[in-house]
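Student: Just one file: my_file_34.txt, with compact mmCIF, C-alpha atoms.
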```txt
# COMPACT_ATOMS: atom_id res chain seq x y z
CA MET A 13 0.00 0.00 0.00
CA MET A 14 1.24 3.48 -0.87
CA THR A 15 -0.12 6.74 0.48
CA HIS A 16 0.16 10.41 -0.40
CA ALA A 17 1.05 12.03 2.92
CA THR A 18 1.08 15.69 1.88
CA PRO A 19 -1.53 17.80 0.08
CA TYR A 20 -1.39 17.58 -3.69
CA PRO A 21 0.79 20.45 -4.97
CA ILE A 22 -1.84 21.89 -7.32
CA GLY A 23 -5.09 23.47 -6.21
CA THR A 24 -6.72 24.27 -2.88
CA PRO A 25 -7.82 21.31 -0.74
CA GLY A 26 -11.59 20.94 -0.86
CA THR A 27 -11.99 23.06 -4.01
CA PRO A 28 -12.34 21.47 -7.47
CA TRP A 29 -9.89 22.56 -10.12
CA GLY A 30 -10.73 25.23 -12.63
CA PRO A 31 -8.94 26.12 -15.88
CA GLU A 32 -6.02 27.72 -14.01
CA GLU A 33 -5.28 24.55 -12.06
CA VAL A 34 -5.60 22.36 -15.16
CA THR A 35 -3.15 24.63 -16.99
CA ALA A 36 -0.73 24.44 -14.06
CA TRP A 37 -1.01 20.66 -13.98
CA ARG A 38 -0.46 20.38 -17.75
CA SER A 39 2.66 22.55 -17.55
CA GLN A 40 4.20 19.91 -15.28
CA GLN A 41 3.74 17.07 -17.79
CA PRO A 42 6.75 16.99 -20.13
CA ALA A 43 7.06 14.29 -22.77
CA ARG A 44 9.20 11.43 -21.46
CA ARG A 45 9.07 8.97 -24.35
CA SER A 46 8.14 8.92 -28.03
CA TYR A 47 4.84 7.70 -29.46
CA VAL A 48 6.34 7.74 -32.95
CA GLN A 49 9.40 5.68 -32.05
CA ASP A 50 7.70 3.26 -29.65
CA VAL A 51 4.34 2.76 -31.31
CA VAL A 52 3.96 4.22 -34.80
CA GLN A 53 7.16 2.66 -36.11
CA VAL A 54 6.00 -0.76 -34.90
CA ILE A 55 2.61 -0.26 -36.53
CA ASP A 56 4.37 0.69 -39.76
CA ARG A 57 6.07 -2.73 -39.74
CA LEU A 58 2.63 -4.34 -39.64
CA ARG A 59 1.35 -2.72 -42.82
CA GLU A 60 2.43 -5.61 -45.04
CA ARG A 61 0.31 -8.07 -43.05
CA PHE A 62 -2.61 -5.93 -41.84
CA GLU A 63 -4.77 -3.08 -42.98
CA VAL A 64 -3.64 0.01 -41.05
CA SER A 65 -5.82 3.11 -41.03
CA GLU A 66 -5.77 6.49 -39.33
CA TYR A 67 -9.11 6.77 -37.53
CA GLY A 68 -8.58 10.22 -36.03
CA ARG A 69 -6.08 12.83 -34.97
CA LEU A 70 -5.55 14.61 -31.68
CA ASP A 71 -4.27 18.16 -31.96
CA TYR A 72 -2.75 19.25 -28.66
CA ALA A 73 -0.61 22.24 -29.57
CA PRO A 74 2.21 22.15 -30.35
CA ASP A 75 1.80 18.40 -30.89
CA SER A 76 -0.47 16.43 -33.21
CA TYR A 77 -1.08 12.71 -32.82
CA PRO A 78 -2.46 10.42 -35.53
CA LEU A 79 -4.55 7.56 -34.16
CA PHE A 80 -4.12 4.16 -35.78
CA ALA A 81 -6.30 1.08 -36.05
CA VAL A 82 -4.98 -2.28 -37.26
CA ARG A 83 -7.46 -4.60 -39.00
CA SER A 84 -7.34 -8.09 -40.47
CA ARG A 85 -6.41 -7.79 -44.11
CA ASP A 86 -8.58 -10.82 -44.90
CA TRP A 87 -11.73 -9.39 -43.26
CA GLU A 88 -14.63 -11.71 -44.08
CA ALA A 89 -18.33 -11.07 -43.56
CA GLY A 90 -19.71 -13.60 -41.11
CA LEU A 91 -16.53 -14.19 -39.11
CA PRO A 92 -16.53 -13.23 -35.41
CA ILE A 93 -15.32 -9.69 -34.75
CA VAL A 94 -12.65 -9.34 -32.06
CA VAL A 95 -11.66 -5.93 -30.65
CA VAL A 96 -8.37 -5.40 -28.80
CA THR A 97 -7.51 -2.02 -27.27
CA GLY A 98 -4.49 -0.79 -25.33
CA GLY A 99 -3.10 2.45 -24.03
CA VAL A 100 -6.41 3.98 -22.96
CA HIS A 101 -4.33 5.04 -19.96
CA GLY A 102 -1.06 6.08 -21.53
CA TYR A 103 1.10 5.25 -18.53
CA GLU A 104 0.01 1.59 -18.53
CA THR A 105 2.90 0.48 -20.69
CA SER A 106 2.24 -3.23 -21.18
CA GLY A 107 -1.23 -2.45 -22.47
CA VAL A 108 0.37 -0.74 -25.46
CA HIS A 109 3.31 -3.06 -25.96
CA GLY A 110 1.31 -6.18 -25.19
CA ALA A 111 -1.14 -5.25 -27.96
CA LEU A 112 1.74 -4.63 -30.38
CA GLN A 113 3.42 -7.89 -29.39
CA PHE A 114 0.18 -9.78 -29.98
CA LEU A 115 -0.15 -8.26 -33.45
CA GLU A 116 3.45 -8.99 -34.37
CA HIS A 117 3.69 -12.55 -33.10
CA GLU A 118 0.28 -14.13 -32.46
CA ALA A 119 -2.46 -12.52 -34.51
CA ALA A 120 -1.64 -14.40 -37.71
CA ARG A 121 -2.92 -17.67 -36.30
CA TYR A 122 -6.43 -16.24 -36.18
CA ALA A 123 -6.45 -15.33 -39.88
CA GLY A 124 -9.53 -16.79 -41.52
CA ARG A 125 -11.07 -17.55 -38.12
CA ALA A 126 -11.84 -14.07 -36.80
CA ASN A 127 -11.94 -10.46 -37.95
CA LEU A 128 -9.47 -8.57 -35.78
CA LEU A 129 -9.65 -4.85 -35.01
CA ALA A 130 -6.89 -3.59 -32.73
CA VAL A 131 -6.03 -0.12 -31.43
CA PRO A 132 -2.70 -0.43 -29.59
CA CYS A 133 -2.50 3.13 -28.22
CA VAL A 134 -5.73 5.03 -27.64
CA SER A 135 -4.05 7.89 -25.72
CA PRO A 136 -0.71 8.88 -27.30
CA TRP A 137 -0.34 12.22 -25.46
CA ALA A 138 -0.63 10.39 -22.15
CA TYR A 139 1.64 7.60 -23.41
CA GLU A 140 4.43 10.11 -23.99
CA ARG A 141 3.94 11.68 -20.57
CA ILE A 142 3.41 8.40 -18.70
CA HIS A 143 0.12 9.70 -17.35
CA ARG A 144 -3.46 8.59 -16.87
CA TRP A 145 -5.27 11.68 -18.12
CA ASN A 146 -5.41 13.61 -21.36
CA PRO A 147 -4.17 17.26 -21.48
CA ASP A 148 -7.52 18.51 -20.15
CA ALA A 149 -7.08 16.41 -16.98
CA ILE A 150 -9.84 14.06 -18.17
CA ASP A 151 -9.64 10.30 -17.67
CA PRO A 152 -10.46 8.72 -21.04
CA ASN A 153 -11.54 5.51 -19.32
CA ARG A 154 -14.46 7.21 -17.63
CA SER A 155 -15.45 9.01 -20.82
CA PHE A 156 -16.56 6.44 -23.41
CA ARG A 157 -19.95 7.76 -24.42
CA ALA A 158 -21.52 9.47 -27.42
CA ASP A 159 -21.00 13.00 -26.05
CA SER A 160 -17.52 12.33 -24.69
CA PRO A 161 -15.48 15.34 -23.53
CA ALA A 162 -12.26 13.39 -24.21
CA GLY A 163 -11.00 13.41 -27.78
CA GLU A 164 -9.36 10.02 -27.31
CA SER A 165 -12.62 8.44 -26.19
CA ALA A 166 -14.74 10.18 -28.82
CA ALA A 167 -12.46 8.99 -31.64
CA LEU A 168 -12.54 5.37 -30.49
CA TRP A 169 -16.31 5.58 -29.95
CA ARG A 170 -16.72 6.63 -33.59
CA LEU A 171 -14.34 3.93 -34.83
CA LEU A 172 -16.24 1.16 -33.06
CA ALA A 173 -19.75 2.47 -33.81
CA PRO A 174 -20.20 0.22 -36.90
CA TYR A 175 -19.35 -2.83 -34.76
CA ARG A 176 -21.42 -1.96 -31.71
CA ASP A 177 -23.98 -4.69 -32.41
CA SER A 178 -21.73 -7.17 -34.18
CA ALA A 179 -18.54 -7.45 -32.10
CA LEU A 180 -18.25 -10.73 -30.21
CA LEU A 181 -15.27 -9.87 -28.00
CA HIS A 182 -13.65 -6.71 -26.66
CA ILE A 183 -10.58 -7.06 -24.45
CA ASP A 184 -9.03 -3.83 -23.12
CA LEU A 185 -5.45 -4.00 -21.83
CA HIS A 186 -4.51 -2.09 -18.66
CA GLU A 187 -2.17 -2.03 -15.68
CA THR A 188 -2.58 -1.22 -12.00
CA THR A 189 0.61 0.48 -10.78
CA ASP A 190 2.04 1.84 -7.54
CA SER A 191 1.71 5.29 -9.09
CA ASP A 192 -2.07 4.87 -8.99
CA GLU A 193 -1.81 5.31 -5.25
CA SER A 194 1.16 7.69 -5.06
CA GLU A 195 0.14 10.09 -7.85
CA PHE A 196 -3.02 9.48 -9.85
CA ARG A 197 -5.60 8.96 -7.11
CA PRO A 198 -4.25 11.92 -5.10
CA ALA A 199 -4.41 14.02 -8.28
CA LEU A 200 -7.98 12.85 -8.89
CA ALA A 201 -9.01 13.82 -5.37
CA ALA A 202 -7.37 17.23 -5.76
CA ARG A 203 -8.98 17.80 -9.16
CA ASP A 204 -12.43 16.99 -7.78
CA GLY A 205 -11.96 18.85 -4.50
CA VAL A 206 -12.45 15.80 -2.28
CA ALA A 207 -10.36 14.15 0.41
CA PHE A 208 -7.87 11.50 -0.70
CA GLU A 209 -8.51 8.13 0.94
CA PRO A 210 -5.52 5.76 0.71
CA GLY A 211 -6.11 2.34 -0.77
CA GLU A 212 -4.15 -0.82 -1.51
CA ILE A 213 -2.46 -1.89 -4.74
CA PRO A 214 -2.87 -5.63 -5.46
CA ASP A 215 0.26 -7.61 -6.23
CA GLY A 216 -0.52 -9.52 -9.40
CA PHE A 217 -2.71 -9.81 -12.47
CA TYR A 218 -6.49 -9.54 -12.30
CA LEU A 219 -9.47 -8.96 -14.58
CA VAL A 220 -12.42 -6.59 -14.50
CA GLY A 221 -15.55 -8.16 -15.94
CA ASP A 222 -18.95 -6.59 -16.51
CA THR A 223 -21.41 -6.51 -13.63
CA GLU A 224 -24.30 -6.71 -16.10
CA ASN A 225 -22.72 -9.51 -18.18
CA PRO A 226 -20.00 -11.20 -16.10
CA GLN A 227 -19.28 -14.32 -18.22
CA PRO A 228 -17.43 -16.16 -15.40
CA ALA A 229 -16.22 -19.11 -17.50
CA PHE A 230 -14.67 -16.70 -20.00
CA GLN A 231 -12.91 -14.72 -17.26
CA GLN A 232 -11.56 -17.88 -15.63
CA ALA A 233 -10.20 -19.18 -18.94
CA ILE A 234 -8.12 -16.01 -19.20
CA ILE A 235 -6.92 -16.29 -15.61
CA ALA A 236 -5.89 -19.91 -16.19
CA ALA A 237 -3.78 -18.90 -19.19
CA VAL A 238 -2.17 -15.87 -17.55
CA GLU A 239 -1.18 -17.66 -14.35
CA LYS A 240 1.23 -19.71 -16.47
CA VAL A 241 3.02 -16.42 -17.22
CA THR A 242 2.72 -14.35 -14.05
CA HIS A 243 1.05 -14.51 -10.65
CA ILE A 244 -2.61 -13.70 -10.04
CA ALA A 245 -3.55 -11.02 -7.50
CA PRO A 246 -5.03 -12.37 -4.27
CA ALA A 247 -7.99 -10.80 -2.51
CA ASP A 248 -7.16 -8.45 0.35
CA ALA A 249 -8.27 -8.97 3.94
CA ARG A 250 -11.77 -7.75 3.02
CA GLY A 251 -12.09 -10.18 0.13
CA GLU A 252 -11.67 -7.32 -2.35
CA ILE A 253 -9.36 -6.03 -5.07
CA ILE A 254 -9.18 -2.22 -5.37
CA GLY A 255 -12.35 -1.92 -3.30
CA SER A 256 -14.50 -4.38 -5.28
CA PRO A 257 -15.54 -7.86 -4.17
CA VAL A 258 -13.56 -10.71 -5.70
CA VAL A 259 -16.15 -12.88 -7.48
CA ALA A 260 -13.66 -15.58 -8.55
CA PRO A 261 -9.87 -15.93 -8.29
CA GLY A 262 -8.40 -12.81 -9.89
CA VAL A 263 -11.75 -11.40 -11.05
CA ILE A 264 -13.83 -8.39 -10.02
CA ASN A 265 -16.71 -6.75 -11.86
CA TYR A 266 -17.56 -3.15 -12.75
CA ALA A 267 -20.60 -1.67 -14.47
CA LEU A 268 -18.71 -1.06 -17.70
CA LYS A 269 -21.25 0.99 -19.64
CA GLN A 270 -22.49 3.01 -16.67
CA LEU A 271 -18.93 4.02 -15.77
CA GLY A 272 -18.00 4.89 -19.36
CA LEU A 273 -15.25 2.27 -19.56
CA CYS A 274 -13.61 1.27 -22.82
CA ALA A 275 -14.62 -2.40 -22.71
CA GLY A 276 -18.26 -1.32 -22.56
CA ILE A 277 -18.30 0.60 -25.87
CA THR A 278 -19.87 -2.25 -27.83
CA ASP A 279 -22.55 -4.77 -26.94
CA ALA A 280 -20.06 -7.63 -27.31
CA ARG A 281 -21.07 -10.80 -25.52
CA TYR A 282 -17.58 -11.20 -24.09
CA THR A 283 -15.84 -8.22 -22.48
CA THR A 284 -13.01 -7.86 -20.02
CA THR A 285 -10.32 -5.45 -18.85
CA THR A 286 -6.90 -6.83 -17.99
CA GLU A 287 -4.89 -5.40 -15.11
CA VAL A 288 -1.19 -6.22 -14.98
CA TYR A 289 0.96 -5.19 -11.98
CA PRO A 290 4.32 -4.01 -13.40
CA ASP A 291 5.79 -2.88 -10.07
CA SER A 292 5.87 -6.36 -8.57
CA PRO A 293 9.34 -7.71 -7.72
CA ARG A 294 8.00 -10.98 -9.15
CA ALA A 295 7.35 -9.62 -12.68
CA THR A 296 9.61 -8.23 -15.40
CA PRO A 297 8.47 -5.82 -18.15
CA GLN A 298 8.61 -8.70 -20.63
CA GLN A 299 6.47 -10.86 -18.36
CA CYS A 300 3.92 -8.05 -18.23
CA ASN A 301 3.78 -7.90 -22.02
CA ASP A 302 3.59 -11.68 -22.18
CA ALA A 303 0.72 -11.68 -19.69
CA GLN A 304 -1.24 -9.29 -21.89
CA VAL A 305 -0.61 -11.47 -24.94
CA ALA A 306 -1.63 -14.59 -23.05
CA ALA A 307 -4.85 -12.86 -21.99
CA VAL A 308 -5.70 -11.80 -25.54
CA CYS A 309 -5.00 -15.25 -26.98
CA ALA A 310 -6.96 -17.01 -24.24
CA ALA A 311 -9.90 -14.67 -24.74
CA ILE A 312 -9.98 -15.24 -28.51
CA ASP A 313 -9.49 -19.00 -28.12
CA PHE A 314 -12.39 -19.15 -25.68
CA VAL A 315 -14.86 -17.26 -27.87
CA LEU A 316 -13.85 -19.18 -30.99
CA GLY A 317 -14.05 -22.48 -29.14
```
Show this structure as structure tokens.
Tutor:
Amino acid sequence: MMTHATPYPIGTPGTPWGPEEVTAWRSQQPARRSYVQDVVQVIDRLRERFEVSEYGRLDYAPDSYPLFAVRSRDWEAGLPIVVVTGGVHGYETSGVHGALQFLEHEAARYAGRANLLAVPCVSPWAYERIHRWNPDAIDPNRSFRADSPAGESAALWRLLAPYRDSALLHIDLHETTDSDESEFRPALAARDGVAFEPGEIPDGFYLVGDTENPQPAFQQAIIAAVEKVTHIAPADARGEIIGSPVVAPGVINYALKQLGLCAGITDARYTTTTEVYPDSPRATPQQCNDAQVAAVCAAIDFVLG
């Protein structure tokens, strides 16, 4: 467990942020890595095997970020549609690189069996700054709705609109990190003008299913595959993970659509959000990527089976 012992350095405790505080926060977010080098160049290598399209662009002066979707080149009417998303929270590194690793090394075996639509990095500005929010201090993963205030969420919403009724699977790749507790939840409390209440970061991989459509056998198939790669997060002393009841080993549920979460964009029968723990002394960065790939493959294998 990590806590934030001092008041957050931006804003007045108990008062929600206004434009001045958001501007001050943004000024403290320098780019720390390159979306072009880390993501776009990998996607460019995939163009010979997949259809790559630019589905939107985010203009955050002085920067401009093209948004890329990767589709099966052999898209066939009638095949199951599988959606894979990563990098909704830009700081959750294995979500991005796990999606890219899946595309480079595993996706080919589903050719002719499923139509694949993947978006490896939904939030490139946040990827470069290793942050959770977009430049307007908005969390994209609470903003997936038709009238979204987040450009990242609105662009993905539009991309997936034609598949809202036809997608079979949507798996969204995330991480839970120590910085959730040391930085991002304190920042959220400061932004909203509420008191920060410390929580506990689980050590290990877990899944977030849909309260309205939990699909327990599907979730457990993913857990069984991932535990061959990395350890599964145990429940805490209250039988919870991040404040939600554990409904099966390594599984909690959220109301995906109500909360505006990415995995709830479509009406897919099978939905889940992965949560890798990269700060564990028991997991390497490569293991985290491998865990994401194992989760994607297990999810697709289950729905095709």
Student: Please, which residues in region 17-79 of chain A fall within 9 Å of region 164-176 of chain A when counting all atoms listed in the file, and what is the closest atom pair and distance in Å to one decimal for each, ordered by chain then residue number, as a Markdown table?
Tutor:
```
| residue | atom | partner | partner_atom | distance |
| --- | --- | --- | --- | --- |
| A:Tyr67 | CA | A:Leu171 | CA | 6.5 |
| A:Gly68 | CA | A:Ala167 | CA | 6.0 |
| A:Arg69 | CA | A:Ala167 | CA | 8.2 |
| A:Leu70 | CA | A:Glu164 | CA | 7.4 |
| A:Leu79 | CA | A:Ala167 | CA | 8.4 |
```
Student: Restricting it to C-alpha atoms, dump the selection as a PDB file, in the coordinates of the input.
Tutor:
```pdb
ATOM      1  CA  TYR A  67      -9.110   6.770 -37.530  1.00  0.00           C
ATOM      2  CA  GLY A  68      -8.580  10.220 -36.030  1.00  0.00           C
ATOM      3  CA  ARG A  69      -6.080  12.830 -34.970  1.00  0.00           C
ATOM      4  CA  LEU A  70      -5.550  14.610 -31.680  1.00  0.00           C
ATOM      5  CA  LEU A  79      -4.550   7.560 -34.160  1.00  0.00           C
TER       6      LEU A  79
END
```
Student: What lies within 12 Å of region 191-205 of chain A using only C-alpha atoms, ignoring chain neighbours under 4 positions off, as a VMD selection string?
Tutor: chain A and resid 13 to 37 101 103 to 104 142 to 145 148 to 151 187 209 to 214 254 289 to 291
Student: In Å, how far is it from CA of Glu140 (chain A) to CA of Gln40 (chain A)?
Tutor: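 If I compute the distance from CA of Glu140 (chain A) to CA of Gln40 (chain A), I get 13.1 Å.
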Student: Using only C-alpha atoms, which residue out of A:Tyr47, A:Phe217, A:Tyr266, A:Tyr122 lies closest to Tyr77 (chain A)?
Tutor: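 Result for the nearest residue to Tyr77 (chain A): A:Tyr47.
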Student: With all atoms listed in the file as the atoms that count, which of A:Leu181, A:Pro293, A:Ala310, A:Ile244 lies nearest to Gly276 (chain A)?
Tutor: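 Nearest candidate to Gly276 (chain A) out of A:Leu181, A:Pro293, A:Ala310, A:Ile244: A:Leu181.
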Student: What does the structure give for the distance between CA of Glu63 (chain A) and CA of Arg83 (chain A), in Å to one decimal?
Tutor: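 Going from CA of Glu63 (chain A) over to CA of Arg83 (chain A) covers 5.0 Å.
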Student: Excluding Gly110 (chain A) and its own-chain neighbours fewer than 5 positions away, which residues fall within 7 Å of it when counting only C-alpha atoms? Please give them as a PyMOL selection string.
Tutor: chain A and resi 301-302+304-305
Student: Using only C-alpha atoms, which residue out of A:Val94, A:Leu112, A:Val54, A:Ala267 lies closest to Leu180 (chain A)?
Tutor: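 Between A:Val94, A:Leu112, A:Val54, A:Ala267, the residue approaching Leu180 (chain A) most closely is A:Val94.
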Student: Smallest atom-to-atom distance to Cys309 (chain A): which of A:Glu224, A:Ala43, A:Glu118, A:Arg157, using all atoms listed in the file?
Tutor: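 Closest residue, counting all atoms listed in the file: A:Glu118.
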Student: Counting all atoms listed in the file, figure out which residue out of A:Pro74, A:Gly102, A:Gly124, A:Pro297 gets nearest to Trp87 (chain A).
Tutor: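 Nearest candidate to Trp87 (chain A) out of A:Pro74, A:Gly102, A:Gly124, A:Pro297: A:Gly124.
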Student: Go through A:Gly216, A:Pro132, A:Pro147, A:Gly98 and flag the residue nearest Arg38 (chain A), using only C-alpha atoms for the distances.
Tutor: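 Using only C-alpha atoms, Arg38 (chain A) sits closest to A:Pro147.
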Student: By how many Å are CA of Asp159 (chain A) and CA of Ala73 (chain A) apart?
Tutor: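 Computed distance, CA of Asp159 (chain A) to CA of Ala73 (chain A), equals 22.7 Å.
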